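Novice: Questions regarding the structure given below will be posed in turn.
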Amino acid sequence: MKIQFLGVHNCETATTRLVSILVDDVLALDAGGLTSSLTIDAQLGLKAVLLTHPHYDHIRDIPALGMNALFYKTSISVYAIQEVRDALAAHWLNGTTYVSFLEKPPESPRINFTAIEPNNAFAINCYEILPAPVNHTVPTVGYQVAHPDGKTLFYTGDTGPGLAGSWPYVSPQLLIIETTAPNRYEDFGRRALHLTPSLLKEELLAFQKAKGYLPEVSVVHMNPKQEKEIEAEVEQVSKELDTSITLAHEGLVIKL
Ligand SMILES: [Zn+2]
Ligand SMILES: [Zn+2]
């Protein structure tokens, strides 16, 4: 699998994009930085966009994808839990803020939404997808993406501490996990349900205990203002656990 990091931050600037990860040019995980990263041909080549939760920084480009689909007379397939559809329909694709692409045109809406259930695996092309619940302030699922050649990744989306319940169900070679803030924000992490490097370490130790190994780890959803601090602390965790844990960056490609 080719994993391309289009956006890896929680704030957007000229040099940082909101989280979006592209798998083999056909699956997009979250839509924070899709339309600003991809040519129109690449957008139209997407087989599916998988959304983790209804927060702005993860669904931001869905209206823009809908508008491009309109002009190219096609539709974009989006998969997520029902709560994401409800948020899009209520706040953005509501006929006021933007066109109701979830419903128009009725025979083939520009955003072709499929509601998925946590823990119920489904297939898109050759990929087996497993949505696994994680621990965030709103209902959120991470996605395990498994290729028939045996390569598997798990992307958590936004999550706080408490992933132990998910680990029995996933077995990734690559774990893409959030780490939003440095260690001095641990109280914030526990309250707002995000990870810091020390909280990440606890989650990885729980993973190791449950699974007997540690995957390669790519960290995303960093706050750009605190990224240097996060990077130094993640490097320390990587040394302590004796495994590869690195911050992803926009444009990074990992071949799995
Ligand atoms: Zn969130
Ligand atoms: Zn977020």
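All residue names refer to the structure tokens as shown: chains lettered A, B, ... in order, residues numbered from 1 in each chain, ligands numbered from 1 in order.
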Which chains and residue numbers are within 9 Å of ligand 1, counting only C-alpha atoms and all ligand atoms, if I want them as a ChimeraX atom specification?
Specialist: /A:52-58,136-138,140,157-159,192-194
Novice: Could the residues in this selection be written to a file with all heavy atoms, as a tab-separated table (two decimals), in the first residue's frame?
Specialist:
```
chain	number	residue	atom	x	y	z
A	52	THR	N	-13.81	10.02	10.10
A	52	THR	CA	-13.76	9.45	11.45
A	52	THR	C	-14.81	10.02	12.39
A	52	THR	O	-15.33	9.32	13.24
A	52	THR	CB	-12.37	9.67	12.08
A	52	THR	OG1	-12.08	11.09	12.07
A	52	THR	CG2	-11.29	8.91	11.33
A	53	HIS	N	-15.07	11.34	12.27
A	53	HIS	CA	-16.01	11.98	13.21
A	53	HIS	C	-16.41	13.35	12.67
A	53	HIS	O	-15.82	13.85	11.71
A	53	HIS	CB	-15.41	12.05	14.61
A	53	HIS	CG	-14.22	12.95	14.78
A	53	HIS	ND1	-13.03	12.78	14.12
A	53	HIS	CD2	-14.04	14.04	15.58
A	53	HIS	CE1	-12.17	13.70	14.50
A	53	HIS	NE2	-12.75	14.49	15.38
A	54	PRO	N	-17.43	13.97	13.28
A	54	PRO	CA	-18.00	15.17	12.66
A	54	PRO	C	-17.26	16.48	12.93
A	54	PRO	O	-17.76	17.52	12.52
A	54	PRO	CB	-19.43	15.23	13.26
A	54	PRO	CG	-19.41	14.40	14.47
A	54	PRO	CD	-18.25	13.46	14.39
A	55	HIS	N	-16.10	16.48	13.55
A	55	HIS	CA	-15.41	17.75	13.80
A	55	HIS	C	-14.92	18.38	12.49
A	55	HIS	O	-14.47	17.69	11.57
A	55	HIS	CB	-14.25	17.55	14.77
A	55	HIS	CG	-14.70	17.45	16.20
A	55	HIS	ND1	-13.93	16.90	17.20
A	55	HIS	CD2	-15.87	17.84	16.80
A	55	HIS	CE1	-14.60	16.96	18.35
A	55	HIS	NE2	-15.78	17.51	18.12
A	56	TYR	N	-14.97	19.72	12.51
A	56	TYR	CA	-14.66	20.54	11.33
A	56	TYR	C	-13.38	20.14	10.63
A	56	TYR	O	-13.32	20.02	9.40
A	56	TYR	CB	-14.58	22.00	11.77
A	56	TYR	CG	-14.03	22.95	10.73
A	56	TYR	CD1	-14.87	23.49	9.75
A	56	TYR	CD2	-12.68	23.31	10.71
A	56	TYR	CE1	-14.37	24.36	8.79
A	56	TYR	CE2	-12.18	24.17	9.76
A	56	TYR	CZ	-13.02	24.68	8.80
A	56	TYR	OH	-12.52	25.53	7.85
A	57	ASP	N	-12.30	19.95	11.42
A	57	ASP	CA	-10.99	19.73	10.80
A	57	ASP	C	-10.88	18.38	10.10
A	57	ASP	O	-9.88	18.12	9.43
A	57	ASP	CB	-9.85	19.92	11.83
A	57	ASP	CG	-10.04	19.11	13.11
A	57	ASP	OD1	-11.19	19.00	13.58
A	57	ASP	OD2	-9.04	18.60	13.64
A	58	HIS	N	-11.91	17.54	10.21
A	58	HIS	CA	-11.88	16.22	9.57
A	58	HIS	C	-12.88	16.09	8.41
A	58	HIS	O	-12.78	15.16	7.62
A	58	HIS	CB	-12.12	15.12	10.62
A	58	HIS	CG	-11.06	15.15	11.68
A	58	HIS	ND1	-10.02	14.27	11.72
A	58	HIS	CD2	-10.85	16.03	12.70
A	58	HIS	CE1	-9.21	14.58	12.74
A	58	HIS	NE2	-9.70	15.64	13.35
A	136	HIS	N	-13.23	9.80	22.01
A	136	HIS	CA	-13.15	11.24	21.72
A	136	HIS	C	-14.40	11.91	22.28
A	136	HIS	O	-15.28	11.24	22.80
A	136	HIS	CB	-12.98	11.43	20.21
A	136	HIS	CG	-12.52	12.78	19.80
A	136	HIS	ND1	-11.62	13.53	20.51
A	136	HIS	CD2	-12.84	13.54	18.70
A	136	HIS	CE1	-11.41	14.68	19.88
A	136	HIS	NE2	-12.15	14.71	18.79
A	137	THR	N	-14.48	13.24	22.14
A	137	THR	CA	-15.59	13.98	22.76
A	137	THR	C	-16.92	13.81	22.02
A	137	THR	O	-17.97	14.17	22.54
A	137	THR	CB	-15.26	15.48	22.81
A	137	THR	OG1	-14.86	15.89	21.49
A	137	THR	CG2	-14.15	15.76	23.80
A	138	VAL	N	-16.85	13.32	20.80
A	138	VAL	CA	-18.06	12.99	20.02
A	138	VAL	C	-17.85	11.57	19.48
A	138	VAL	O	-16.72	11.09	19.46
A	138	VAL	CB	-18.25	13.98	18.83
A	138	VAL	CG1	-18.57	15.37	19.33
A	138	VAL	CG2	-17.02	14.00	17.93
A	140	THR	N	-16.74	8.66	17.51
A	140	THR	CA	-15.61	8.64	16.57
A	140	THR	C	-15.19	7.20	16.32
A	140	THR	O	-15.15	6.40	17.26
A	140	THR	CB	-14.41	9.42	17.16
A	140	THR	OG1	-14.80	10.76	17.46
A	140	THR	CG2	-13.22	9.46	16.19
A	157	GLY	N	-7.92	8.50	13.85
A	157	GLY	CA	-8.68	9.75	13.97
A	157	GLY	C	-8.30	10.41	15.28
A	157	GLY	O	-7.26	10.11	15.87
A	158	ASP	N	-9.15	11.31	15.77
A	158	ASP	CA	-8.88	11.96	17.06
A	158	ASP	C	-9.25	11.01	18.19
A	158	ASP	O	-10.32	10.41	18.18
A	158	ASP	CB	-9.72	13.23	17.21
A	158	ASP	CG	-9.23	14.36	16.34
A	158	ASP	OD1	-8.22	14.16	15.62
A	158	ASP	OD2	-9.83	15.46	16.39
A	159	THR	N	-8.37	10.93	19.17
A	159	THR	CA	-8.67	10.05	20.30
A	159	THR	C	-7.94	10.53	21.55
A	159	THR	O	-6.84	11.08	21.47
A	159	THR	CB	-8.28	8.59	20.00
A	159	THR	OG1	-8.70	7.77	21.09
A	159	THR	CG2	-6.78	8.43	19.81
A	192	ALA	N	-10.10	16.99	26.93
A	192	ALA	CA	-10.61	17.19	25.56
A	192	ALA	C	-10.45	15.94	24.71
A	192	ALA	O	-10.82	15.93	23.54
A	192	ALA	CB	-9.88	18.36	24.91
A	193	LEU	N	-9.90	14.88	25.32
A	193	LEU	CA	-9.71	13.59	24.66
A	193	LEU	C	-8.85	13.70	23.39
A	193	LEU	O	-9.31	13.47	22.26
A	193	LEU	CB	-11.05	12.91	24.42
A	193	LEU	CG	-11.76	12.57	25.74
A	193	LEU	CD1	-13.12	11.94	25.50
A	193	LEU	CD2	-10.92	11.63	26.62
A	194	HIS	N	-7.61	14.09	23.67
A	194	HIS	CA	-6.52	14.05	22.69
A	194	HIS	C	-5.32	13.43	23.38
A	194	HIS	O	-5.30	13.29	24.61
A	194	HIS	CB	-6.17	15.47	22.21
A	194	HIS	CG	-7.20	16.06	21.29
A	194	HIS	ND1	-7.43	15.57	20.02
A	194	HIS	CD2	-8.05	17.10	21.46
A	194	HIS	CE1	-8.39	16.29	19.45
A	194	HIS	NE2	-8.79	17.22	20.30
```
Novice: Please provide the set of residues having any atom within 10 Å of Pro109 in chain A, restricted to only C-alpha atoms, with same-chain residues fewer than 5 positions apart removed, written as a VMD selection string.
Specialist: chain A and resid 66 69 to 70 74 to 77 100 to 104
Novice: Could the residues in this selection be saved with N, CA and C atoms as a PDB file, in the first residue's frame?
Specialist:
```
ATOM      1  N   GLY A  66     -18.233  17.997  -3.111  1.00  0.00           N
ATOM      2  CA  GLY A  66     -19.580  17.954  -3.693  1.00  0.00           C
ATOM      3  C   GLY A  66     -19.717  18.917  -4.856  1.00  0.00           C
ATOM      4  N   ALA A  69     -17.896  17.560  -7.786  1.00  0.00           N
ATOM      5  CA  ALA A  69     -18.663  16.445  -8.357  1.00  0.00           C
ATOM      6  C   ALA A  69     -19.802  16.974  -9.243  1.00  0.00           C
ATOM      7  N   LEU A  70     -20.416  18.074  -8.797  1.00  0.00           N
ATOM      8  CA  LEU A  70     -21.509  18.673  -9.582  1.00  0.00           C
ATOM      9  C   LEU A  70     -21.012  19.076 -10.969  1.00  0.00           C
ATOM     10  N   THR A  74     -20.572  13.841 -11.580  1.00  0.00           N
ATOM     11  CA  THR A  74     -20.279  12.555 -10.954  1.00  0.00           C
ATOM     12  C   THR A  74     -20.719  12.614  -9.498  1.00  0.00           C
ATOM     13  N   SER A  75     -20.353  11.627  -8.707  1.00  0.00           N
ATOM     14  CA  SER A  75     -20.645  11.669  -7.275  1.00  0.00           C
ATOM     15  C   SER A  75     -19.427  11.138  -6.518  1.00  0.00           C
ATOM     16  N   ILE A  76     -19.318  11.539  -5.257  1.00  0.00           N
ATOM     17  CA  ILE A  76     -18.209  11.113  -4.408  1.00  0.00           C
ATOM     18  C   ILE A  76     -18.783  10.210  -3.317  1.00  0.00           C
ATOM     19  N   SER A  77     -18.196   9.027  -3.156  1.00  0.00           N
ATOM     20  CA  SER A  77     -18.668   8.095  -2.126  1.00  0.00           C
ATOM     21  C   SER A  77     -18.032   8.426  -0.784  1.00  0.00           C
ATOM     22  N   SER A 100     -27.458  21.198  -0.785  1.00  0.00           N
ATOM     23  CA  SER A 100     -27.761  19.920  -0.112  1.00  0.00           C
ATOM     24  C   SER A 100     -27.248  18.746  -0.941  1.00  0.00           C
ATOM     25  N   PHE A 101     -25.931  18.632  -1.040  1.00  0.00           N
ATOM     26  CA  PHE A 101     -25.347  17.587  -1.898  1.00  0.00           C
ATOM     27  C   PHE A 101     -25.641  16.174  -1.411  1.00  0.00           C
ATOM     28  N   LEU A 102     -26.086  16.024  -0.156  1.00  0.00           N
ATOM     29  CA  LEU A 102     -26.447  14.680   0.328  1.00  0.00           C
ATOM     30  C   LEU A 102     -27.759  14.212  -0.293  1.00  0.00           C
ATOM     31  N   GLU A 103     -28.530  15.160  -0.834  1.00  0.00           N
ATOM     32  CA  GLU A 103     -29.860  14.814  -1.369  1.00  0.00           C
ATOM     33  C   GLU A 103     -30.041  15.183  -2.838  1.00  0.00           C
ATOM     34  N   LYS A 104     -29.156  16.006  -3.366  1.00  0.00           N
ATOM     35  CA  LYS A 104     -29.365  16.484  -4.728  1.00  0.00           C
ATOM     36  C   LYS A 104     -28.268  16.022  -5.665  1.00  0.00           C
TER      37      LYS A 104
END
```
Novice: If I take CA of Glu117 in chain A and CA of Leu51 in chain A, how far is one from the other in Å, to one decimal?
Specialist: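 Distance between the two atoms: 12.4 Å.
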Novice: Report as a tab-separated table the residues of range 28-132 of chain A within 10 Å of range 13-19 of chain A, each with its shortest atom pair and distance in Å (one decimal), using only C-alpha atoms, ordered by chain and increasing residue number.
Specialist:
```
residue	atom	partner	partner_atom	distance
A:Leu29	CA	A:Val19	CA	8.3
A:Asp30	CA	A:Val19	CA	6.4
A:Ala31	CA	A:Val19	CA	6.8
A:Gly32	CA	A:Leu18	CA	4.4
A:Gly33	CA	A:Leu18	CA	5.1
A:Leu34	CA	A:Val19	CA	8.6
A:Ser36	CA	A:Arg17	CA	8.5
A:Ser37	CA	A:Arg17	CA	8.7
A:Tyr56	CA	A:Leu18	CA	9.4
A:Asp57	CA	A:Leu18	CA	5.8
A:His58	CA	A:Val19	CA	6.3
A:Ile59	CA	A:Val19	CA	9.3
A:Arg60	CA	A:Leu18	CA	8.5
A:Asp61	CA	A:Leu18	CA	9.8
```
Novice: Write down as a PyMOL selection string the residues of range 49-191 of chain A whose backbone DSSP state falls under alpha helix (DSSP H).
Specialist: chain A and resi 56-59+62-71+82-87+186-191
Novice: Find the residues near Gly251 in chain A: any atom within 7 Å, counting only C-alpha atoms, skip ones fewer than 6 places away on the same chain, and give them as a ChimeraX atom specification.
Specialist: /A:4-6
Novice: Compare A:Pro148, A:Gly7, A:Gly165, A:Gly212 by their minimum atom-to-atom distance to ligand 2, counting only C-alpha atoms and all ligand atoms, and give me the closest one.
Specialist: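 Ranked by minimum distance to ligand 2, first place goes to A:Gly7.
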Novice: Could you pull the residues within 12 Å of Leu50 in chain A, counting only C-alpha atoms, minus those fewer than 2 positions along the same chain, as a ChimeraX atom specification?
Specialist: /A:20-23,26-32,34,46-48,52-54,58-59,62,76-81,84-85,112-116,122,124,129-131,140-145,155-157
Novice: For Asn223 in chain A, list every protein, DNA or RNA residue within 7 Å, evaluated using only C-alpha atoms, and leave out those in the same chain fewer than 4 positions away; present the list as a PDB file with C-alpha atoms, in the first residue's frame.
Specialist:
```
ATOM      1  CA  HIS A   9      -2.045  19.072  11.552  1.00  0.00           C
ATOM      2  CA  ASN A  10      -4.941  20.346  13.649  1.00  0.00           C
ATOM      3  CA  CYS A  11      -4.578  23.921  12.372  1.00  0.00           C
ATOM      4  CA  THR A 180      -2.114  16.882  19.445  1.00  0.00           C
ATOM      5  CA  ALA A 181      -0.140  18.601  22.196  1.00  0.00           C
ATOM      6  CA  GLU A 227       5.301  20.800  16.984  1.00  0.00           C
TER       7      GLU A 227
END
```
Novice: Can you tell me, as a PyMOL selection string, what residues are no more than 9 Å from Glu203 in chain A when counting only C-alpha atoms, ignoring any on the same chain fewer than 2 positions away?
Specialist: chain A and resi 161-164+198-201+205-208
Novice: A:Glu178, A:Asp86, A:Glu229, A:Glu128: which is nearest ligand 2, counting only C-alpha atoms and all ligand atoms?
Specialist: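 The shortest atom-to-atom distance to ligand 2 comes from A:Glu178.
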Novice: Let's see if you can do this: from backbone DSSP, list all strand (DSSP E) residues in range 41-138 of chain A, as a PyMOL selection string.
Specialist: chain A and resi 48-50+76-80+111-115+122-124+127-133
Novice: Distance CA of Lys151 in chain A-CA of Glu240 in chain A, one decimal place?
Specialist: 26.3 Å
Novice: Would you list the contacts of Tyr127 in chain A as a compact mmCIF listing (two decimals) with all heavy atoms, in the first residue's frame, taking every protein, DNA or RNA residue within 6 Å and counting only C-alpha atoms, but skipping same-chain residues closer than 2 positions in sequence?
Specialist:
```
# COMPACT_ATOMS: atom_id res chain seq x y z
N ALA A 123 -16.33 -3.83 2.72
CA ALA A 123 -15.30 -3.86 1.68
C ALA A 123 -15.48 -2.67 0.73
O ALA A 123 -16.60 -2.28 0.41
CB ALA A 123 -15.38 -5.16 0.90
N ILE A 124 -14.36 -2.11 0.32
CA ILE A 124 -14.35 -1.13 -0.77
C ILE A 124 -13.27 -1.60 -1.74
O ILE A 124 -12.10 -1.71 -1.36
CB ILE A 124 -14.03 0.29 -0.27
CG1 ILE A 124 -15.10 0.78 0.70
CG2 ILE A 124 -13.91 1.24 -1.46
CD1 ILE A 124 -14.78 2.10 1.35
N ASN A 125 -13.67 -1.89 -2.98
CA ASN A 125 -12.76 -2.53 -3.93
C ASN A 125 -12.11 -3.75 -3.26
O ASN A 125 -12.80 -4.55 -2.66
CB ASN A 125 -11.71 -1.54 -4.44
CG ASN A 125 -12.32 -0.56 -5.43
OD1 ASN A 125 -13.53 -0.37 -5.47
ND2 ASN A 125 -11.50 0.07 -6.23
N ALA A 146 -7.19 -2.97 5.35
CA ALA A 146 -6.38 -4.16 5.06
C ALA A 146 -6.40 -4.45 3.56
O ALA A 146 -7.46 -4.51 2.94
CB ALA A 146 -6.93 -5.36 5.83
N HIS A 147 -5.21 -4.60 3.00
CA HIS A 147 -5.06 -4.95 1.58
C HIS A 147 -4.95 -6.47 1.48
O HIS A 147 -4.41 -7.10 2.39
CB HIS A 147 -3.79 -4.27 1.04
CG HIS A 147 -3.64 -4.36 -0.44
ND1 HIS A 147 -3.11 -5.45 -1.07
CD2 HIS A 147 -3.96 -3.47 -1.42
CE1 HIS A 147 -3.10 -5.24 -2.37
NE2 HIS A 147 -3.61 -4.05 -2.62
```
Novice: Have a look at CA of Ala87 in chain A and CA of Phe154 in chain A and let me know their distance in Å, one decimal.
Specialist: 24.4 Å
